[in-house]
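Quick look at data06.txt (compact mmCIF, C-alpha atoms and all ligand atoms):
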```
# COMPACT_ATOMS: atom_id res chain seq x y z
CA MET A 141 39.16 -45.01 -13.56
CA ARG A 142 36.72 -45.65 -10.71
CA LYS A 143 33.21 -46.71 -11.65
CA GLY A 144 31.26 -47.03 -8.38
CA PHE A 145 30.99 -45.83 -4.79
CA ILE A 146 30.39 -48.06 -1.75
CA PHE A 147 29.37 -46.41 1.51
CA ASP A 148 29.30 -47.45 5.11
CA LEU A 149 26.17 -46.06 6.77
CA ASP A 150 26.65 -45.08 10.41
CA GLY A 151 29.23 -42.28 10.61
CA VAL A 152 29.36 -41.71 6.85
CA ILE A 153 25.76 -41.09 5.73
CA THR A 154 24.22 -40.27 9.13
CA ASP A 155 25.17 -40.36 12.78
CA THR A 156 23.25 -43.24 14.32
CA ALA A 157 26.03 -43.91 16.85
CA LYS A 158 24.32 -41.60 19.35
CA TYR A 159 21.13 -43.71 19.21
CA HIS A 160 23.08 -46.98 19.43
CA TYR A 161 24.78 -45.53 22.52
CA VAL A 162 21.53 -44.56 24.27
CA ALA A 163 20.08 -48.03 23.68
CA TRP A 164 23.25 -49.94 24.65
CA LYS A 165 23.73 -47.76 27.74
CA GLN A 166 20.24 -48.51 29.01
CA LEU A 167 20.74 -52.26 28.53
CA ALA A 168 24.21 -52.14 30.12
CA ASP A 169 22.80 -50.23 33.13
CA GLU A 170 20.17 -52.94 33.58
CA LEU A 171 22.99 -55.54 33.58
CA GLY A 172 25.01 -53.52 36.11
CA ILE A 173 27.66 -52.46 33.58
CA THR A 174 28.66 -48.81 33.19
CA ILE A 175 29.67 -47.76 29.68
CA ASP A 176 30.68 -44.27 28.54
CA LEU A 177 31.09 -42.43 25.23
CA ALA A 178 34.78 -43.34 24.99
CA PHE A 179 33.88 -47.04 25.20
CA ASN A 180 31.14 -46.49 22.60
CA GLU A 181 33.84 -45.63 20.03
CA GLN A 182 34.86 -49.31 20.09
CA LEU A 183 31.37 -50.37 19.00
CA LYS A 184 31.36 -48.39 15.75
CA GLY A 185 31.05 -50.67 12.74
CA ILE A 186 30.82 -53.74 14.97
CA SER A 187 27.81 -56.06 14.58
CA ARG A 188 25.01 -56.17 17.13
CA MET A 189 26.01 -59.46 18.77
CA ASP A 190 29.72 -58.57 18.75
CA SER A 191 28.85 -55.24 20.39
CA LEU A 192 26.93 -57.07 23.14
CA GLU A 193 29.87 -59.46 23.67
CA ARG A 194 32.25 -56.49 24.03
CA ILE A 195 29.96 -54.84 26.59
CA LEU A 196 29.69 -58.08 28.61
CA GLU A 197 33.50 -58.52 28.49
CA TYR A 198 33.97 -54.89 29.57
CA GLY A 199 31.71 -55.62 32.58
CA LYS A 200 33.46 -58.97 33.19
CA LYS A 201 30.18 -60.81 32.68
CA GLU A 202 31.04 -62.62 29.43
CA ASN A 203 30.47 -66.08 30.91
CA GLN A 204 27.34 -65.26 32.86
CA TYR A 205 24.62 -65.65 30.25
CA SER A 206 23.32 -68.33 27.90
CA MET A 207 23.06 -67.77 24.14
CA GLU A 208 19.26 -67.44 24.51
CA GLU A 209 19.68 -64.72 27.14
CA LYS A 210 22.20 -62.86 24.97
CA GLU A 211 19.86 -63.00 22.00
CA ALA A 212 17.07 -61.59 24.16
CA PHE A 213 19.36 -58.75 25.32
CA ALA A 214 20.32 -57.90 21.71
CA GLU A 215 16.65 -57.98 20.69
CA LYS A 216 15.71 -55.69 23.58
CA LYS A 217 18.43 -53.19 22.65
CA ASN A 218 17.32 -53.26 19.02
CA THR A 219 13.66 -52.62 19.87
CA HIS A 220 14.72 -49.56 21.87
CA TYR A 221 17.12 -48.45 19.09
CA VAL A 222 14.42 -48.75 16.39
CA THR A 223 12.08 -46.64 18.55
CA LEU A 224 14.77 -43.92 18.63
CA LEU A 225 15.25 -44.18 14.84
CA GLN A 226 11.64 -43.09 14.29
CA GLU A 227 12.88 -39.51 14.82
CA LEU A 228 15.20 -39.64 11.78
CA THR A 229 14.44 -37.28 8.88
CA PRO A 230 16.39 -36.10 5.79
CA ALA A 231 17.76 -33.31 8.04
CA ASP A 232 19.85 -36.02 9.74
CA LEU A 233 21.98 -36.61 6.65
CA LEU A 234 25.60 -35.67 7.37
CA PRO A 235 26.90 -32.54 5.57
CA GLY A 236 27.55 -33.01 1.86
CA VAL A 237 25.91 -36.44 1.55
CA GLU A 238 22.83 -35.36 -0.37
CA GLN A 239 24.81 -33.27 -2.87
CA PHE A 240 27.45 -35.98 -3.36
CA LEU A 241 24.82 -38.66 -4.09
CA LYS A 242 22.94 -36.32 -6.42
CA GLU A 243 26.12 -35.62 -8.39
CA ALA A 244 26.95 -39.33 -8.59
CA ALA A 245 23.43 -40.06 -9.88
CA GLU A 246 23.74 -37.33 -12.53
CA LYS A 247 26.94 -38.99 -13.75
CA ASN A 248 25.32 -42.47 -13.63
CA ILE A 249 27.81 -43.72 -11.06
CA PRO A 250 26.25 -46.66 -9.19
CA CYS A 251 26.27 -46.45 -5.39
CA GLY A 252 25.96 -49.22 -2.81
CA ILE A 253 25.73 -49.60 0.97
CA ALA A 254 28.10 -51.86 2.93
CA SER A 255 26.82 -51.46 6.49
CA ALA A 256 26.91 -53.91 9.38
CA SER A 257 23.45 -52.65 10.32
CA LYS A 258 20.43 -54.88 9.79
CA ASN A 259 18.38 -51.69 10.05
CA ALA A 260 20.08 -50.05 7.04
CA PRO A 261 17.09 -50.20 4.62
CA PHE A 262 14.80 -48.67 7.26
CA ILE A 263 17.32 -45.91 8.11
CA LEU A 264 17.90 -45.01 4.43
CA ASP A 265 14.15 -44.88 3.93
CA LYS A 266 13.72 -42.48 6.87
CA LEU A 267 16.54 -40.32 5.45
CA GLY A 268 14.77 -40.21 2.07
CA ILE A 269 17.74 -41.53 0.06
CA LYS A 270 17.04 -45.27 -0.27
CA GLU A 271 16.47 -45.02 -4.04
CA ARG A 272 19.95 -43.58 -4.52
CA PHE A 273 21.47 -47.02 -3.86
CA SER A 274 21.27 -49.88 -6.32
CA ILE A 275 22.49 -52.34 -3.67
CA ILE A 276 22.26 -52.55 0.13
CA VAL A 277 24.25 -55.60 1.26
CA ASP A 278 22.23 -57.75 3.68
CA PRO A 279 24.55 -58.42 6.65
CA ASN A 280 22.63 -61.66 7.33
CA THR A 281 24.28 -63.13 4.21
CA LEU A 282 27.84 -62.54 5.43
CA ALA A 283 30.14 -65.14 6.94
CA LYS A 284 32.46 -62.51 8.44
CA GLY A 285 32.10 -58.90 9.56
CA LYS A 286 34.49 -56.00 8.97
CA PRO A 287 37.59 -55.97 8.91
CA ASP A 288 36.97 -58.91 6.56
CA PRO A 289 36.55 -57.53 2.99
CA GLU A 290 33.51 -59.74 2.26
CA ILE A 291 30.85 -57.01 2.61
CA PHE A 292 32.68 -54.61 0.24
CA LEU A 293 33.42 -57.37 -2.28
CA GLN A 294 29.77 -58.40 -2.28
CA ALA A 295 28.72 -54.79 -2.89
CA ALA A 296 31.16 -54.39 -5.82
CA ASN A 297 29.96 -57.64 -7.32
CA ALA A 298 26.32 -56.52 -7.06
CA LEU A 299 27.24 -53.20 -8.72
CA SER A 300 28.93 -55.21 -11.53
CA ILE A 301 32.29 -53.49 -11.00
CA GLN A 302 35.75 -54.81 -10.12
CA PRO A 303 37.11 -54.07 -6.63
CA ASP A 304 39.82 -51.81 -8.08
CA GLU A 305 37.10 -49.79 -9.82
CA ALA A 306 35.43 -49.00 -6.48
CA VAL A 307 35.87 -46.25 -3.90
CA GLY A 308 34.83 -47.20 -0.34
CA PHE A 309 33.84 -44.69 2.37
CA GLU A 310 34.25 -45.56 6.05
CA ASP A 311 34.43 -43.93 9.48
CA ALA A 312 35.65 -47.00 11.43
CA GLN A 313 39.15 -48.50 11.50
CA ALA A 314 37.77 -52.01 10.88
CA GLY A 315 35.96 -50.64 7.82
CA ILE A 316 39.09 -49.01 6.35
CA GLN A 317 40.88 -52.34 6.77
CA ALA A 318 37.99 -54.10 5.01
CA ILE A 319 38.11 -51.67 2.06
CA LYS A 320 41.89 -51.97 1.67
CA SER A 321 41.80 -55.78 1.95
CA ALA A 322 39.15 -55.74 -0.78
CA GLY A 323 41.63 -53.89 -3.04
CA MET A 324 39.60 -50.66 -3.23
CA TYR A 325 40.44 -46.98 -2.78
CA ALA A 326 39.58 -45.99 0.81
CA VAL A 327 38.18 -42.62 1.88
CA GLY A 328 38.20 -42.22 5.66
CA ILE A 329 35.61 -40.00 7.35
CA GLU A 330 37.48 -39.01 10.47
CA THR A 331 35.56 -37.56 13.39
CA GLN A 332 37.18 -38.70 16.63
CA GLU A 333 40.03 -41.17 16.38
CA ALA A 334 42.67 -41.08 13.63
CA LEU A 335 42.06 -43.61 10.84
CA GLU A 336 45.09 -45.59 9.70
CA GLY A 337 45.58 -46.90 6.18
CA ALA A 338 43.03 -44.73 4.35
CA ASP A 339 44.12 -43.38 0.95
CA GLN A 340 42.47 -40.05 1.77
CA VAL A 341 40.92 -38.64 4.94
CA VAL A 342 38.24 -35.95 5.22
CA LYS A 343 35.95 -34.75 8.00
CA GLN A 344 32.81 -34.77 5.86
CA LEU A 345 31.68 -35.56 2.33
CA ASP A 346 31.38 -31.93 1.20
CA GLU A 347 35.19 -31.81 1.11
CA LEU A 348 35.15 -34.30 -1.78
CA SER A 349 34.57 -33.95 -5.50
CA VAL A 350 32.89 -36.79 -7.42
CA ASP A 351 34.99 -36.08 -10.52
CA ALA A 352 38.30 -36.14 -8.63
CA LEU A 353 37.36 -39.43 -6.96
CA LEU A 354 36.56 -41.07 -10.29
CA ARG A 355 40.15 -40.34 -11.35
CA VAL A 356 42.01 -41.69 -8.28
C1 LIG B 401 26.57 -49.95 12.42
C2 LIG B 401 27.10 -49.35 13.73
C3 LIG B 401 27.37 -50.35 14.82
C4 LIG B 401 26.20 -51.33 14.93
C5 LIG B 401 26.07 -52.07 13.60
C6 LIG B 401 24.91 -53.06 13.62
O1 LIG B 401 27.55 -50.19 11.50
O2 LIG B 401 28.29 -48.62 13.53
O3 LIG B 401 27.54 -49.66 16.05
O4 LIG B 401 26.39 -52.26 16.00
O5 LIG B 401 25.81 -51.14 12.55
O6 LIG B 401 23.70 -52.36 13.66
P1 LIG B 401 22.25 -53.03 13.87
O7 LIG B 401 22.13 -53.38 15.31
O8 LIG B 401 21.30 -51.94 13.42
O9 LIG B 401 22.18 -54.24 12.98
P2 LIG B 401 27.99 -49.41 10.13
O10 LIG B 401 28.64 -50.60 9.44
O11 LIG B 401 26.84 -48.82 9.34
O12 LIG B 401 28.95 -48.36 10.62
MG MG B 402 30.41 -46.71 10.38
```
Structure encoded using structure tokens:
Amino acid sequence: MRKGFIFDLDGVITDTAKYHYVAWKQLADELGITIDLAFNEQLKGISRMDSLERILEYGKKENQYSMEEKEAFAEKKNTHYVTLLQELTPADLLPGVEQFLKEAAEKNIPCGIASASKNAPFILDKLGIKERFSIIVDPNTLAKGKPDPEIFLQAANALSIQPDEAVGFEDAQAGIQAIKSAGMYAVGIETQEALEGADQVVKQLDELSVDALLRV
């Protein structure tokens, strides 16, 4: 019997990848690096600084900047990204999310957020669903990012459930690995690339039933 649900944010609850892309692309252009949408797929679920490192490596500029410069680049990208996030409204929830969370709440199933994004509380607030989650893991407290299971284990702990009582939802391969390493049931939200290792794969949350997931 499953007792709680733990969600990734970007790609599961809402599609912020398009805003991340606009902001990273502008920064990359300024640094003389050309990125495209295919490359952007690699940044999904990856932390801000790791994303910057990947972009610099892609442009063969990984050894060109000091830590201070890199931090300034990441900060600049984030300021732009947060400006773009101002446009978010509840209409930006992915299909089925609102109904799924409502049903979970009616059944008193606790829900948590395991997102690499430091902007998660702000995003959930803009989407009008922040109160649906009893825990939003703060990525600043983590030693390791996904695919390490730490973020999902911390969420389960905060929800007072065992890992094998949790269902995790992820759209990124590193996230599915994190959920499985944590010993949880993994639902993959597959949009572009095939997800390996998920226990179940859907395109969007409205394909799922809360009751059926409690019994997996
Ligand atoms: C999200 C995105 C990543 C982003 C990361 C950090 O992860 O998928 O592209 O780099 O958060 O975001 P921020 O710069 O806002 O801290 P997730 O885990 O929600 O898919
Ligand atoms: Mg994601």
>> ligand MG 402 (chain B): which residues are within 7 Å, counting all atoms listed in the file? Reply as a list in words.
In response: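 Selection of residues at most 7 Å from ligand MG 402 (chain B): Asp148, Leu149, Asp150, Gly151, Val152, Lys184, Gly185, Glu310, Asp311 and Ala312 of chain A.
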Within 6 Å of stretch 264-277 of chain A: each stretch 152-245 of chain A residue with its shortest pair, all atoms listed in the file, as a tab-separated table:
```
residue	atom	partner	partner_atom	distance
A:Leu228	CA	A:Lys266	CA	5.9
A:Thr229	CA	A:Leu267	CA	5.0
A:Pro230	CA	A:Leu267	CA	4.2
```
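Between atom CA of A:Ala296 and atom CA of A:Ala322 there is a distance of 9.5 Å.
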Counting only C-alpha atoms and all ligand atoms, which residues of chain A sit at most 10 Å from some atom of ligand LIG 401 (chain B), and what is each one's closest atom pair with its distance in Å to one decimal, listed by chain and rising residue number, as JSON lines?
```
{"residue": "A:Phe147", "atom": "CA", "partner": "B:LIG401", "partner_atom": "O11", "distance": 8.6}
{"residue": "A:Asp148", "atom": "CA", "partner": "B:LIG401", "partner_atom": "O11", "distance": 5.1}
{"residue": "A:Leu149", "atom": "CA", "partner": "B:LIG401", "partner_atom": "O11", "distance": 3.8}
{"residue": "A:Asp150", "atom": "CA", "partner": "B:LIG401", "partner_atom": "O11", "distance": 3.9}
{"residue": "A:Gly151", "atom": "CA", "partner": "B:LIG401", "partner_atom": "O12", "distance": 6.1}
{"residue": "A:Val152", "atom": "CA", "partner": "B:LIG401", "partner_atom": "O12", "distance": 7.7}
{"residue": "A:Ile153", "atom": "CA", "partner": "B:LIG401", "partner_atom": "O11", "distance": 8.6}
{"residue": "A:Thr154", "atom": "CA", "partner": "B:LIG401", "partner_atom": "O11", "distance": 8.9}
{"residue": "A:Asp155", "atom": "CA", "partner": "B:LIG401", "partner_atom": "O2", "distance": 8.9}
{"residue": "A:Thr156", "atom": "CA", "partner": "B:LIG401", "partner_atom": "C2", "distance": 7.2}
{"residue": "A:Ala157", "atom": "CA", "partner": "B:LIG401", "partner_atom": "O3", "distance": 6.0}
{"residue": "A:Lys158", "atom": "CA", "partner": "B:LIG401", "partner_atom": "O3", "distance": 9.3}
{"residue": "A:Tyr159", "atom": "CA", "partner": "B:LIG401", "partner_atom": "O3", "distance": 9.3}
{"residue": "A:His160", "atom": "CA", "partner": "B:LIG401", "partner_atom": "O3", "distance": 6.2}
{"residue": "A:Tyr161", "atom": "CA", "partner": "B:LIG401", "partner_atom": "O3", "distance": 8.2}
{"residue": "A:Trp164", "atom": "CA", "partner": "B:LIG401", "partner_atom": "O4", "distance": 9.5}
{"residue": "A:Asn180", "atom": "CA", "partner": "B:LIG401", "partner_atom": "O3", "distance": 8.1}
{"residue": "A:Glu181", "atom": "CA", "partner": "B:LIG401", "partner_atom": "O3", "distance": 8.5}
{"residue": "A:Gln182", "atom": "CA", "partner": "B:LIG401", "partner_atom": "O3", "distance": 8.4}
{"residue": "A:Leu183", "atom": "CA", "partner": "B:LIG401", "partner_atom": "O3", "distance": 4.9}
{"residue": "A:Lys184", "atom": "CA", "partner": "B:LIG401", "partner_atom": "O2", "distance": 3.8}
{"residue": "A:Gly185", "atom": "CA", "partner": "B:LIG401", "partner_atom": "O2", "distance": 3.5}
{"residue": "A:Ile186", "atom": "CA", "partner": "B:LIG401", "partner_atom": "O4", "distance": 4.8}
{"residue": "A:Ser187", "atom": "CA", "partner": "B:LIG401", "partner_atom": "C6", "distance": 4.3}
{"residue": "A:Arg188", "atom": "CA", "partner": "B:LIG401", "partner_atom": "O4", "distance": 4.3}
{"residue": "A:Met189", "atom": "CA", "partner": "B:LIG401", "partner_atom": "O4", "distance": 7.7}
{"residue": "A:Asp190", "atom": "CA", "partner": "B:LIG401", "partner_atom": "O4", "distance": 7.6}
{"residue": "A:Ser191", "atom": "CA", "partner": "B:LIG401", "partner_atom": "O4", "distance": 5.8}
{"residue": "A:Leu192", "atom": "CA", "partner": "B:LIG401", "partner_atom": "O4", "distance": 8.6}
{"residue": "A:Ala214", "atom": "CA", "partner": "B:LIG401", "partner_atom": "O7", "distance": 8.0}
{"residue": "A:Glu215", "atom": "CA", "partner": "B:LIG401", "partner_atom": "O7", "distance": 9.0}
{"residue": "A:Lys217", "atom": "CA", "partner": "B:LIG401", "partner_atom": "O7", "distance": 8.2}
{"residue": "A:Asn218", "atom": "CA", "partner": "B:LIG401", "partner_atom": "O7", "distance": 6.1}
{"residue": "A:Thr219", "atom": "CA", "partner": "B:LIG401", "partner_atom": "O7", "distance": 9.6}
{"residue": "A:Tyr221", "atom": "CA", "partner": "B:LIG401", "partner_atom": "O8", "distance": 7.9}
{"residue": "A:Val222", "atom": "CA", "partner": "B:LIG401", "partner_atom": "O8", "distance": 8.1}
{"residue": "A:Leu225", "atom": "CA", "partner": "B:LIG401", "partner_atom": "O8", "distance": 9.9}
{"residue": "A:Ile253", "atom": "CA", "partner": "B:LIG401", "partner_atom": "O11", "distance": 8.5}
{"residue": "A:Ala254", "atom": "CA", "partner": "B:LIG401", "partner_atom": "O10", "distance": 6.7}
{"residue": "A:Ser255", "atom": "CA", "partner": "B:LIG401", "partner_atom": "O10", "distance": 3.6}
{"residue": "A:Ala256", "atom": "CA", "partner": "B:LIG401", "partner_atom": "O10", "distance": 3.7}
{"residue": "A:Ser257", "atom": "CA", "partner": "B:LIG401", "partner_atom": "O9", "distance": 3.3}
{"residue": "A:Lys258", "atom": "CA", "partner": "B:LIG401", "partner_atom": "O9", "distance": 3.7}
{"residue": "A:Asn259", "atom": "CA", "partner": "B:LIG401", "partner_atom": "O8", "distance": 4.5}
{"residue": "A:Ala260", "atom": "CA", "partner": "B:LIG401", "partner_atom": "O8", "distance": 6.8}
{"residue": "A:Pro261", "atom": "CA", "partner": "B:LIG401", "partner_atom": "O8", "distance": 9.9}
{"residue": "A:Phe262", "atom": "CA", "partner": "B:LIG401", "partner_atom": "O8", "distance": 9.5}
{"residue": "A:Ile263", "atom": "CA", "partner": "B:LIG401", "partner_atom": "O8", "distance": 9.0}
{"residue": "A:Asp278", "atom": "CA", "partner": "B:LIG401", "partner_atom": "O9", "distance": 9.9}
{"residue": "A:Pro279", "atom": "CA", "partner": "B:LIG401", "partner_atom": "O9", "distance": 7.9}
{"residue": "A:Asn280", "atom": "CA", "partner": "B:LIG401", "partner_atom": "O9", "distance": 9.3}
{"residue": "A:Gly285", "atom": "CA", "partner": "B:LIG401", "partner_atom": "O10", "distance": 9.0}
{"residue": "A:Lys286", "atom": "CA", "partner": "B:LIG401", "partner_atom": "O10", "distance": 8.0}
{"residue": "A:Ile291", "atom": "CA", "partner": "B:LIG401", "partner_atom": "O10", "distance": 9.6}
{"residue": "A:Glu310", "atom": "CA", "partner": "B:LIG401", "partner_atom": "O12", "distance": 7.5}
{"residue": "A:Asp311", "atom": "CA", "partner": "B:LIG401", "partner_atom": "O12", "distance": 7.1}
{"residue": "A:Ala312", "atom": "CA", "partner": "B:LIG401", "partner_atom": "O12", "distance": 6.9}
{"residue": "A:Ala314", "atom": "CA", "partner": "B:LIG401", "partner_atom": "O10", "distance": 9.3}
{"residue": "A:Gly315", "atom": "CA", "partner": "B:LIG401", "partner_atom": "O10", "distance": 7.5}
```
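Reported to one decimal place, the separation of atom CA of A:Glu330 from atom CA of A:Leu354 is 20.9 Å.
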> Hey, can you check how far atom CA of A:Gln313 sits from atom CA of A:Ile329?
Replying inline: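 Atom CA of A:Ile329 lies 10.1 Å from atom CA of A:Gln313.
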Find the smallest box with edges along x, y and z containing every listed atom of stretch 271-278 of chain A, then add 5 Å on each side and report centre and edge lengths in Å to one decimal, as lines of an AutoDock Vina configuration file.
```
center_x = 20.4
center_y = -50.7
center_z = -1.3
size_x = 17.8
size_y = 24.2
size_z = 20.0
```
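Each of A:Lys320, A:Lys165, A:Lys216, A:Lys284 was checked against A:Gln340 using all atoms listed in the file; the smallest atom-to-atom distance is that of A:Lys320.
Distance check against A:Lys247 using all atoms listed in the file: of A:Phe145, A:Tyr325, A:Phe179, A:Phe309, the minimum falls on A:Phe145.
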